[in-house]
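**Student:** I am sharing my_file.pdb, which consists of PDB, C-alpha atoms and all ligand atoms:
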```
ATOM      1  CA  MET A   1     122.978 121.520 171.792
ATOM      2  CA  ASN A   2     123.495 117.730 171.589
ATOM      3  CA  ASN A   3     124.670 117.444 167.963
ATOM      4  CA  LEU A   4     125.618 119.784 165.125
ATOM      5  CA  VAL A   5     124.556 118.561 161.698
ATOM      6  CA  SER A   6     123.280 121.754 160.039
ATOM      7  CA  MET A   7     123.493 125.502 160.604
ATOM      8  CA  LYS A   8     119.715 125.328 161.099
ATOM      9  CA  ASP A   9     120.478 123.588 164.447
ATOM     10  CA  LEU A  10     121.918 126.867 165.743
ATOM     11  CA  SER A  11     120.061 129.959 166.905
ATOM     12  CA  ILE A  12     121.627 133.373 166.317
ATOM     13  CA  ASP A  13     122.485 133.477 170.047
ATOM     14  CA  GLN A  14     124.264 130.114 169.818
ATOM     15  CA  ILE A  15     126.238 131.297 166.769
ATOM     16  CA  HIS A  16     127.369 134.342 168.753
ATOM     17  CA  GLU A  17     128.231 132.137 171.732
ATOM     18  CA  ILE A  18     130.450 129.997 169.462
ATOM     19  CA  LEU A  19     132.143 133.086 167.981
ATOM     20  CA  ASN A  20     132.877 134.494 171.439
ATOM     21  CA  GLN A  21     134.206 131.168 172.704
ATOM     22  CA  ALA A  22     136.340 130.732 169.553
ATOM     23  CA  GLN A  23     137.801 134.172 170.248
ATOM     24  CA  ALA A  24     138.452 133.211 173.887
ATOM     25  CA  PHE A  25     140.321 130.087 172.738
ATOM     26  CA  ARG A  26     142.235 132.174 170.222
ATOM     27  CA  ASP A  27     143.188 134.536 173.068
ATOM     28  CA  GLY A  28     144.658 131.613 175.031
ATOM     29  CA  ASN A  29     141.785 130.427 177.227
ATOM     30  CA  THR A  30     141.799 126.712 177.917
ATOM     31  CA  SER A  31     138.980 124.203 178.052
ATOM     32  CA  SER A  32     136.749 123.991 181.110
ATOM     33  CA  LEU A  33     135.530 120.454 180.340
ATOM     34  CA  LYS A  34     135.435 118.361 183.514
ATOM     35  CA  SER A  35     135.693 114.825 182.086
ATOM     36  CA  LYS A  36     138.163 113.071 179.794
ATOM     37  CA  TYR A  37     135.988 112.484 176.723
ATOM     38  CA  THR A  38     136.869 110.169 173.825
ATOM     39  CA  VAL A  39     136.157 111.180 170.238
ATOM     40  CA  SER A  40     136.882 109.969 166.729
ATOM     41  CA  ASN A  41     136.826 111.436 163.224
ATOM     42  CA  LEU A  42     135.117 109.267 160.605
ATOM     43  CA  PHE A  43     135.928 110.601 157.154
ATOM     44  CA  PHE A  44     134.439 108.606 154.270
ATOM     45  CA  GLU A  45     135.305 111.365 151.760
ATOM     46  CA  PRO A  46     138.739 112.959 151.296
ATOM     47  CA  SER A  47     139.707 115.843 153.578
ATOM     48  CA  THR A  48     142.828 117.684 154.642
ATOM     49  CA  ARG A  49     141.563 120.817 156.417
ATOM     50  CA  THR A  50     138.454 119.635 158.215
ATOM     51  CA  LYS A  51     139.916 116.359 159.464
ATOM     52  CA  MET A  52     143.223 117.828 160.634
ATOM     53  CA  SER A  53     141.546 120.912 162.070
ATOM     54  CA  PHE A  54     139.102 118.808 164.109
ATOM     55  CA  GLU A  55     141.968 116.664 165.347
ATOM     56  CA  MET A  56     143.964 119.732 166.369
ATOM     57  CA  ALA A  57     140.892 121.170 168.130
ATOM     58  CA  GLU A  58     140.307 117.876 169.976
ATOM     59  CA  ARG A  59     143.932 117.692 171.114
ATOM     60  CA  LYS A  60     143.853 121.320 172.294
ATOM     61  CA  LEU A  61     140.759 120.397 174.350
ATOM     62  CA  ASN A  62     142.735 117.485 175.875
ATOM     63  CA  LEU A  63     140.339 114.880 174.489
ATOM     64  CA  GLU A  64     141.272 111.283 173.749
ATOM     65  CA  VAL A  65     141.246 110.942 169.969
ATOM     66  CA  LEU A  66     140.860 107.409 168.583
ATOM     67  CA  PRO A  67     142.023 107.092 164.968
ATOM     68  CA  PHE A  68     139.542 105.769 162.392
ATOM     69  CA  GLU A  69     140.629 104.927 158.833
ATOM     70  CA  ALA A  70     137.586 104.512 156.592
ATOM     71  CA  GLY A  71     139.688 102.676 153.992
ATOM     72  CA  PHE A  72     140.688 100.011 156.555
ATOM     73  CA  SER A  73     137.370  99.782 158.394
ATOM     74  CA  SER A  74     134.728  97.069 158.296
ATOM     75  CA  THR A  75     132.551  99.339 156.143
ATOM     76  CA  LEU A  76     134.560  97.712 153.320
ATOM     77  CA  LYS A  77     133.069  94.360 154.433
ATOM     78  CA  GLY A  78     129.569  95.804 154.151
ATOM     79  CA  GLU A  79     129.045  97.167 157.673
ATOM     80  CA  THR A  80     126.599 100.079 157.450
ATOM     81  CA  LEU A  81     127.273 103.555 158.816
ATOM     82  CA  TYR A  82     124.615 103.034 161.500
ATOM     83  CA  ASP A  83     126.206  99.750 162.626
ATOM     84  CA  THR A  84     129.680 101.310 162.580
ATOM     85  CA  VAL A  85     128.432 104.093 164.864
ATOM     86  CA  LYS A  86     126.769 101.527 167.178
ATOM     87  CA  VAL A  87     130.159  99.747 167.433
ATOM     88  CA  LEU A  88     131.825 102.982 168.472
ATOM     89  CA  GLU A  89     129.004 103.706 170.912
ATOM     90  CA  SER A  90     129.498 100.230 172.455
ATOM     91  CA  ILE A  91     133.199 100.766 173.025
ATOM     92  CA  GLY A  92     132.617 104.114 174.705
ATOM     93  CA  LEU A  93     133.039 106.972 172.213
ATOM     94  CA  ASP A  94     131.408 110.239 173.335
ATOM     95  CA  ALA A  95     131.414 112.186 170.079
ATOM     96  CA  LEU A  96     131.960 111.448 166.391
ATOM     97  CA  VAL A  97     132.838 113.853 163.618
ATOM     98  CA  ILE A  98     131.549 112.352 160.369
ATOM     99  CA  ARG A  99     132.050 113.274 156.723
ATOM    100  CA  HIS A 100     130.056 111.169 154.278
ATOM    101  CA  GLU A 101     129.160 111.362 150.600
ATOM    102  CA  GLN A 102     125.454 110.756 151.296
ATOM    103  CA  ASN A 103     123.321 113.881 151.845
ATOM    104  CA  ASN A 104     121.630 113.863 155.275
ATOM    105  CA  TYR A 105     123.439 110.653 156.355
ATOM    106  CA  PHE A 106     122.944 111.892 159.925
ATOM    107  CA  GLU A 107     119.163 111.392 159.844
ATOM    108  CA  GLU A 108     119.619 107.702 160.664
ATOM    109  CA  LEU A 109     121.910 108.560 163.619
ATOM    110  CA  VAL A 110     120.712 111.658 165.471
ATOM    111  CA  GLY A 111     118.423 110.712 168.364
ATOM    112  CA  LYS A 112     119.149 107.003 167.811
ATOM    113  CA  VAL A 113     122.760 106.710 169.016
ATOM    114  CA  LYS A 114     124.491 107.925 172.177
ATOM    115  CA  PRO A 115     127.634 109.615 170.780
ATOM    116  CA  ALA A 116     127.192 113.248 169.725
ATOM    117  CA  ILE A 117     127.247 113.613 165.927
ATOM    118  CA  ILE A 118     129.151 116.551 164.450
ATOM    119  CA  ASN A 119     128.781 116.879 160.692
ATOM    120  CA  GLY A 120     132.087 117.357 158.871
ATOM    121  CA  GLY A 121     130.247 117.529 155.533
ATOM    122  CA  ASP A 122     127.407 115.496 153.963
ATOM    123  CA  GLY A 123     127.443 115.210 150.176
ATOM    124  CA  THR A 124     126.199 118.475 148.700
ATOM    125  CA  GLY A 125     124.118 119.223 151.817
ATOM    126  CA  ASN A 126     125.765 120.853 154.837
ATOM    127  CA  HIS A 127     129.161 121.834 156.227
ATOM    128  CA  PRO A 128     128.256 123.669 159.443
ATOM    129  CA  THR A 129     131.725 124.099 160.944
ATOM    130  CA  GLN A 130     132.998 125.542 157.635
ATOM    131  CA  SER A 131     130.132 128.006 157.795
ATOM    132  CA  LEU A 132     130.990 128.921 161.394
ATOM    133  CA  LEU A 133     134.652 129.505 160.580
ATOM    134  CA  ASP A 134     133.610 131.617 157.583
ATOM    135  CA  ILE A 135     131.308 133.669 159.813
ATOM    136  CA  TYR A 136     134.086 134.025 162.392
ATOM    137  CA  THR A 137     136.522 135.221 159.725
ATOM    138  CA  ILE A 138     134.078 137.859 158.410
ATOM    139  CA  TRP A 139     133.148 138.924 161.962
ATOM    140  CA  GLN A 140     136.837 139.268 162.840
ATOM    141  CA  GLU A 141     137.299 141.470 159.776
ATOM    142  CA  PHE A 142     134.254 143.741 159.955
ATOM    143  CA  GLY A 143     132.880 143.216 163.493
ATOM    144  CA  THR A 144     129.493 142.227 162.040
ATOM    145  CA  LEU A 145     127.824 140.553 159.069
ATOM    146  CA  LEU A 146     124.907 142.992 159.157
ATOM    147  CA  ASP A 147     124.461 144.648 155.731
ATOM    148  CA  LYS A 148     127.712 143.169 154.415
ATOM    149  CA  LYS A 149     127.469 142.200 150.762
ATOM    150  CA  ILE A 150     128.814 138.670 150.416
ATOM    151  CA  THR A 151     129.156 137.260 146.916
ATOM    152  CA  ILE A 152     129.564 133.488 146.566
ATOM    153  CA  VAL A 153     130.964 132.521 143.191
ATOM    154  CA  GLY A 154     131.253 129.215 141.363
ATOM    155  CA  ASP A 155     129.930 125.697 141.575
ATOM    156  CA  ILE A 156     126.998 126.598 143.839
ATOM    157  CA  ASN A 157     124.817 123.570 143.113
ATOM    158  CA  HIS A 158     127.406 121.062 144.299
ATOM    159  CA  SER A 159     128.564 123.116 147.273
ATOM    160  CA  ARG A 160     127.592 122.200 150.833
ATOM    161  CA  VAL A 161     129.530 125.325 151.881
ATOM    162  CA  ALA A 162     127.254 127.557 149.768
ATOM    163  CA  ARG A 163     124.158 125.863 151.205
ATOM    164  CA  SER A 164     125.268 126.221 154.829
ATOM    165  CA  ASN A 165     126.416 129.796 154.317
ATOM    166  CA  ALA A 166     123.356 130.954 152.377
ATOM    167  CA  ASP A 167     121.154 130.243 155.350
ATOM    168  CA  ALA A 168     123.464 131.422 158.111
ATOM    169  CA  PHE A 169     124.778 134.610 156.461
ATOM    170  CA  SER A 170     121.233 135.756 155.673
ATOM    171  CA  ARG A 171     120.039 135.122 159.230
ATOM    172  CA  LEU A 172     122.944 137.264 160.453
ATOM    173  CA  GLY A 173     121.759 140.137 158.253
ATOM    174  CA  ALA A 174     124.233 139.884 155.372
ATOM    175  CA  LYS A 175     123.167 140.481 151.777
ATOM    176  CA  VAL A 176     124.138 137.260 150.030
ATOM    177  CA  GLN A 177     124.323 136.929 146.263
ATOM    178  CA  PHE A 178     125.424 134.112 144.003
ATOM    179  CA  VAL A 179     127.335 134.138 140.744
ATOM    180  CA  CYS A 180     127.607 130.992 138.639
ATOM    181  CA  PRO A 181     127.016 129.440 135.257
ATOM    182  CA  SER A 182     123.303 128.651 134.761
ATOM    183  CA  GLU A 183     124.124 124.890 134.806
ATOM    184  CA  TRP A 184     125.336 125.145 138.417
ATOM    185  CA  LYS A 185     122.762 127.414 140.081
ATOM    186  CA  GLY A 186     120.708 124.645 141.690
ATOM    187  CA  GLU A 187     117.865 126.066 143.800
ATOM    188  CA  PHE A 188     119.526 129.498 144.100
ATOM    189  CA  GLU A 189     118.802 132.724 142.266
ATOM    190  CA  ALA A 190     122.079 133.669 140.672
ATOM    191  CA  VAL A 191     123.555 136.287 138.385
ATOM    192  CA  HIS A 192     125.754 135.068 135.585
ATOM    193  CA  GLU A 193     127.954 138.136 135.022
ATOM    194  CA  PHE A 194     130.668 138.195 137.670
ATOM    195  CA  ASP A 195     131.888 141.660 136.598
ATOM    196  CA  GLU A 196     128.518 143.219 137.538
ATOM    197  CA  VAL A 197     128.937 142.505 141.275
ATOM    198  CA  ILE A 198     132.637 142.845 142.064
ATOM    199  CA  GLU A 199     132.844 146.538 142.908
ATOM    200  CA  ASP A 200     130.216 146.607 145.652
ATOM    201  CA  SER A 201     131.047 143.271 147.337
ATOM    202  CA  ASP A 202     132.590 143.272 150.810
ATOM    203  CA  VAL A 203     133.475 139.586 150.559
ATOM    204  CA  LEU A 204     134.167 137.535 147.445
ATOM    205  CA  MET A 205     133.908 133.881 148.377
ATOM    206  CA  MET A 206     135.220 131.673 145.585
ATOM    207  CA  LEU A 207     134.208 128.002 145.405
ATOM    208  CA  ARG A 208     136.040 125.027 143.984
ATOM    209  CA  VAL A 209     134.741 123.494 140.760
ATOM    210  CA  GLN A 210     133.766 120.034 142.041
ATOM    211  CA  HIS A 211     134.527 117.833 139.028
ATOM    212  CA  GLU A 212     133.995 114.709 141.142
ATOM    213  CA  ARG A 213     130.265 115.566 141.404
ATOM    214  CA  HIS A 214     129.742 116.347 137.674
ATOM    215  CA  ASP A 215     129.238 112.800 136.330
ATOM    216  CA  GLY A 216     132.111 113.228 133.901
ATOM    217  CA  LYS A 217     130.590 116.343 132.199
ATOM    218  CA  LYS A 218     133.024 119.242 131.672
ATOM    219  CA  PRO A 219     131.101 122.288 130.440
ATOM    220  CA  PHE A 220     134.192 124.559 130.649
ATOM    221  CA  ALA A 221     137.885 124.290 129.861
ATOM    222  CA  LYS A 222     139.994 125.532 132.821
ATOM    223  CA  GLU A 223     141.120 128.789 131.140
ATOM    224  CA  GLN A 224     137.607 129.500 129.829
ATOM    225  CA  TYR A 225     136.167 129.069 133.342
ATOM    226  CA  HIS A 226     138.896 131.275 134.812
ATOM    227  CA  GLN A 227     138.079 134.080 132.365
ATOM    228  CA  MET A 228     134.314 133.840 132.936
ATOM    229  CA  TYR A 229     133.988 133.034 136.649
ATOM    230  CA  GLY A 230     137.484 133.039 138.120
ATOM    231  CA  LEU A 231     138.960 135.759 140.332
ATOM    232  CA  THR A 232     141.542 137.126 137.905
ATOM    233  CA  ILE A 233     144.114 139.772 138.739
ATOM    234  CA  GLU A 234     142.083 142.311 136.707
ATOM    235  CA  ARG A 235     138.955 141.551 138.728
ATOM    236  CA  GLU A 236     140.828 141.790 142.047
ATOM    237  CA  GLN A 237     141.898 145.317 141.077
ATOM    238  CA  LYS A 238     138.232 146.336 140.815
ATOM    239  CA  MET A 239     137.414 145.198 144.377
ATOM    240  CA  LYS A 240     136.622 147.733 147.119
ATOM    241  CA  LYS A 241     139.685 148.743 149.122
ATOM    242  CA  SER A 242     138.332 147.061 152.264
ATOM    243  CA  ALA A 243     136.981 143.916 150.567
ATOM    244  CA  ILE A 244     138.380 140.484 151.284
ATOM    245  CA  ILE A 245     138.796 137.229 149.372
ATOM    246  CA  MET A 246     137.721 133.907 150.883
ATOM    247  CA  HIS A 247     137.705 130.307 149.676
ATOM    248  CA  PRO A 248     136.852 127.202 151.739
ATOM    249  CA  ALA A 249     139.634 125.353 149.879
ATOM    250  CA  PRO A 250     141.055 123.183 148.474
ATOM    251  CA  PHE A 251     141.480 125.761 145.689
ATOM    252  CA  ASN A 252     142.427 125.174 142.087
ATOM    253  CA  ARG A 253     145.041 127.808 141.247
ATOM    254  CA  GLY A 254     144.364 129.338 137.830
ATOM    255  CA  VAL A 255     140.785 128.062 137.745
ATOM    256  CA  GLU A 256     138.551 129.749 140.345
ATOM    257  CA  ILE A 257     141.357 132.002 141.588
ATOM    258  CA  ALA A 258     144.579 133.334 140.022
ATOM    259  CA  SER A 259     147.548 131.711 141.704
ATOM    260  CA  GLU A 260     149.040 135.129 142.636
ATOM    261  CA  LEU A 261     145.895 136.037 144.622
ATOM    262  CA  VAL A 262     145.862 133.018 146.928
ATOM    263  CA  GLU A 263     148.243 134.708 149.395
ATOM    264  CA  CYS A 264     147.658 138.376 148.473
ATOM    265  CA  ASN A 265     146.994 141.030 151.146
ATOM    266  CA  ARG A 266     143.232 140.776 150.933
ATOM    267  CA  SER A 267     143.122 136.978 150.910
ATOM    268  CA  ARG A 268     141.842 135.418 154.136
ATOM    269  CA  ILE A 269     142.095 131.841 152.858
ATOM    270  CA  PHE A 270     144.744 130.675 155.320
ATOM    271  CA  LYS A 271     143.195 132.758 158.098
ATOM    272  CA  GLN A 272     139.977 130.751 157.542
ATOM    273  CA  MET A 273     141.937 127.537 158.144
ATOM    274  CA  GLU A 274     143.569 128.956 161.283
ATOM    275  CA  ASN A 275     140.169 130.089 162.582
ATOM    276  CA  GLY A 276     138.697 126.644 161.941
ATOM    277  CA  VAL A 277     140.616 125.161 164.860
ATOM    278  CA  TYR A 278     139.200 127.658 167.392
ATOM    279  CA  VAL A 279     135.664 127.434 166.049
ATOM    280  CA  ARG A 280     135.767 123.629 166.204
ATOM    281  CA  MET A 281     137.104 123.765 169.770
ATOM    282  CA  ALA A 282     134.119 125.949 170.672
ATOM    283  CA  VAL A 283     131.620 123.615 168.971
ATOM    284  CA  ILE A 284     132.999 120.435 170.538
ATOM    285  CA  GLU A 285     133.200 122.022 173.986
ATOM    286  CA  MET A 286     129.629 123.325 173.747
ATOM    287  CA  ILE A 287     128.327 119.880 172.790
ATOM    288  CA  LEU A 288     130.315 117.964 175.407
ATOM    289  CA  LYS A 289     129.419 120.459 178.166
ATOM    290  CA  GLY A 290     125.798 119.631 177.451
ATOM    291  CA  ARG A 291     126.608 116.095 178.659
ATOM    292  CA  GLU A 292     128.119 117.161 182.034
TER     293      GLU A 292
HETATM  294  N1  LIG B   1     137.166 123.152 153.329
HETATM  295  C1  LIG B   1     137.185 121.795 153.463
HETATM  296  O1  LIG B   1     136.205 121.165 153.838
HETATM  297  O2  LIG B   1     138.395 121.236 153.120
HETATM  298  P1  LIG B   1     138.708 119.682 153.211
HETATM  299  O3  LIG B   1     137.884 118.981 152.149
HETATM  300  O4  LIG B   1     140.199 119.553 152.953
HETATM  301  O5  LIG B   1     138.329 119.195 154.576
END
```
Represent the structure of the file as structure tokens.
Ligand code: CP
**Tutor:**
Amino acid sequence: MNNLVSMKDLSIDQIHEILNQAQAFRDGNTSSLKSKYTVSNLFFEPSTRTKMSFEMAERKLNLEVLPFEAGFSSTLKGETLYDTVKVLESIGLDALVIRHEQNNYFEELVGKVKPAIINGGDGTGNHPTQSLLDIYTIWQEFGTLLDKKITIVGDINHSRVARSNADAFSRLGAKVQFVCPSEWKGEFEAVHEFDEVIEDSDVLMMLRVQHERHDGKKPFAKEQYHQMYGLTIEREQKMKKSAIIMHPAPFNRGVEIASELVECNRSRIFKQMENGVYVRMAVIEMILKGRE
């Protein structure tokens, strides 16, 4: 694997290889990379988790990490993404993690530039390392995704997490279903009554309402959305005993999830973030090893 821009880049065997390596890192194994590689994280959209988690993963792998601040870069003087990447190639970067608001921004880079491209999120398209850390978290919980009923709830149409997970979860044998208002279903088949699917779900994955992608339209007031599509305390009480709550975060307390549930016993939200570091270590190592 030379780049990772979409979950479709990964075979089932490669996904399992990443899970096993993430677990090995979690258990204390250290990197077996032979060279001192230099990487950078180019985030043109806001991020707390993905950016910091990649940086932590890179430091744990003993990589050189060059800081890049999109808001102080020459992209503000009109330099294109392609030209920015060529600059970083020229000065010797080996791998770049990129988050960009444009869907499929990577198409103009992959195969045309030397640094490996790792997608940290493209518009509403893909978020492969979020998908991998979600898979790892479910795998850690149940030992498999096979036949697990995973319900993804919320702003599906604007969610790169939903898109990446829909493909990958299904390939791993999970039964994936979507719950959302009809306005936000996009290309997915979705049910609109959340209460119909709670009791038999093994995983409830709540999504953030992405107001920044709604062109100013607000079809729901916060409390109205919470009552219709939010994980309320009443709904949590109807969940299976073994079922877990996930959310890629950032979460809006009191909108898609009741504030009291964010850190409840069945919430794996902070576990997902913890797992992200190990999964990203495994991805970066796999890509850089391909260059040795
Ligand atoms: N889950 C996720 O991508 O969070 P950030 O936007 O904070 O990176």
**Student:** Name the residues, by chain letter and number, that sit within 7 Å of ligand LIG 1 (chain B) using only C-alpha atoms and all ligand atoms, and give them as an MDAnalysis selection string.
**Tutor:** chainID A and resid 46:51 130 248:250
**Student:** Report, in Å with one decimal, the straight-line distance from CA of Gly143 (chain A) to CA of Ala162 (chain A).
**Tutor:**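 Computed distance, CA of Gly143 (chain A) to CA of Ala162 (chain A), equals 21.6 Å.
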**Student:** May I have the residues at most 12 Å from (145.8, 129.9, 142.2) in the file's coordinates, counting all atoms listed in the file, as a ChimeraX atom specification?
**Tutor:** /A:206,208,222,226,230-233,247,249-264,267,269
**Student:** Care to translate the PyMOL selection byres (((chain A and resi 135) around 10) and not hetatm) into actual residues of this file, as a PDB file with C-alpha atoms, keeping the file's coordinate frame?
**Tutor:**
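Result went into result_17.pdb, see below:
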```
ATOM      1  CA  ILE A  15     126.238 131.297 166.769  1.00  0.00           C
ATOM      2  CA  HIS A  16     127.369 134.342 168.753  1.00  0.00           C
ATOM      3  CA  LEU A  19     132.143 133.086 167.981  1.00  0.00           C
ATOM      4  CA  THR A 129     131.725 124.099 160.944  1.00  0.00           C
ATOM      5  CA  GLN A 130     132.998 125.542 157.635  1.00  0.00           C
ATOM      6  CA  SER A 131     130.132 128.006 157.795  1.00  0.00           C
ATOM      7  CA  LEU A 132     130.990 128.921 161.394  1.00  0.00           C
ATOM      8  CA  LEU A 133     134.652 129.505 160.580  1.00  0.00           C
ATOM      9  CA  ASP A 134     133.610 131.617 157.583  1.00  0.00           C
ATOM     10  CA  TYR A 136     134.086 134.025 162.392  1.00  0.00           C
ATOM     11  CA  THR A 137     136.522 135.221 159.725  1.00  0.00           C
ATOM     12  CA  ILE A 138     134.078 137.859 158.410  1.00  0.00           C
ATOM     13  CA  TRP A 139     133.148 138.924 161.962  1.00  0.00           C
ATOM     14  CA  GLN A 140     136.837 139.268 162.840  1.00  0.00           C
ATOM     15  CA  GLU A 141     137.299 141.470 159.776  1.00  0.00           C
ATOM     16  CA  THR A 144     129.493 142.227 162.040  1.00  0.00           C
ATOM     17  CA  LEU A 145     127.824 140.553 159.069  1.00  0.00           C
ATOM     18  CA  ASN A 165     126.416 129.796 154.317  1.00  0.00           C
ATOM     19  CA  ALA A 168     123.464 131.422 158.111  1.00  0.00           C
ATOM     20  CA  PHE A 169     124.778 134.610 156.461  1.00  0.00           C
ATOM     21  CA  LEU A 172     122.944 137.264 160.453  1.00  0.00           C
ATOM     22  CA  GLN A 272     139.977 130.751 157.542  1.00  0.00           C
ATOM     23  CA  ASN A 275     140.169 130.089 162.582  1.00  0.00           C
ATOM     24  CA  VAL A 279     135.664 127.434 166.049  1.00  0.00           C
TER      25      VAL A 279
END
```
**Student:** If I take CA of Asp200 (chain A) and CA of Ile12 (chain A), how far is one from the other in Å, to one decimal?
**Tutor:**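 So the answer is 26.0 Å.
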**Student:** Running the PyMOL selection byres (((chain A and resi 39-42) around 6) and not hetatm) on this model by hand, what would come out? Give it as a PyMOL selection string.
**Tutor:** chain A and resi 38+43+65-66+68+93-98
**Student:** By how many Å are CA of Met239 (chain A) and CA of Lys175 (chain A) apart?
**Tutor:**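 One can read the CA of Met239 (chain A) to CA of Lys175 (chain A) distance as 16.7 Å.
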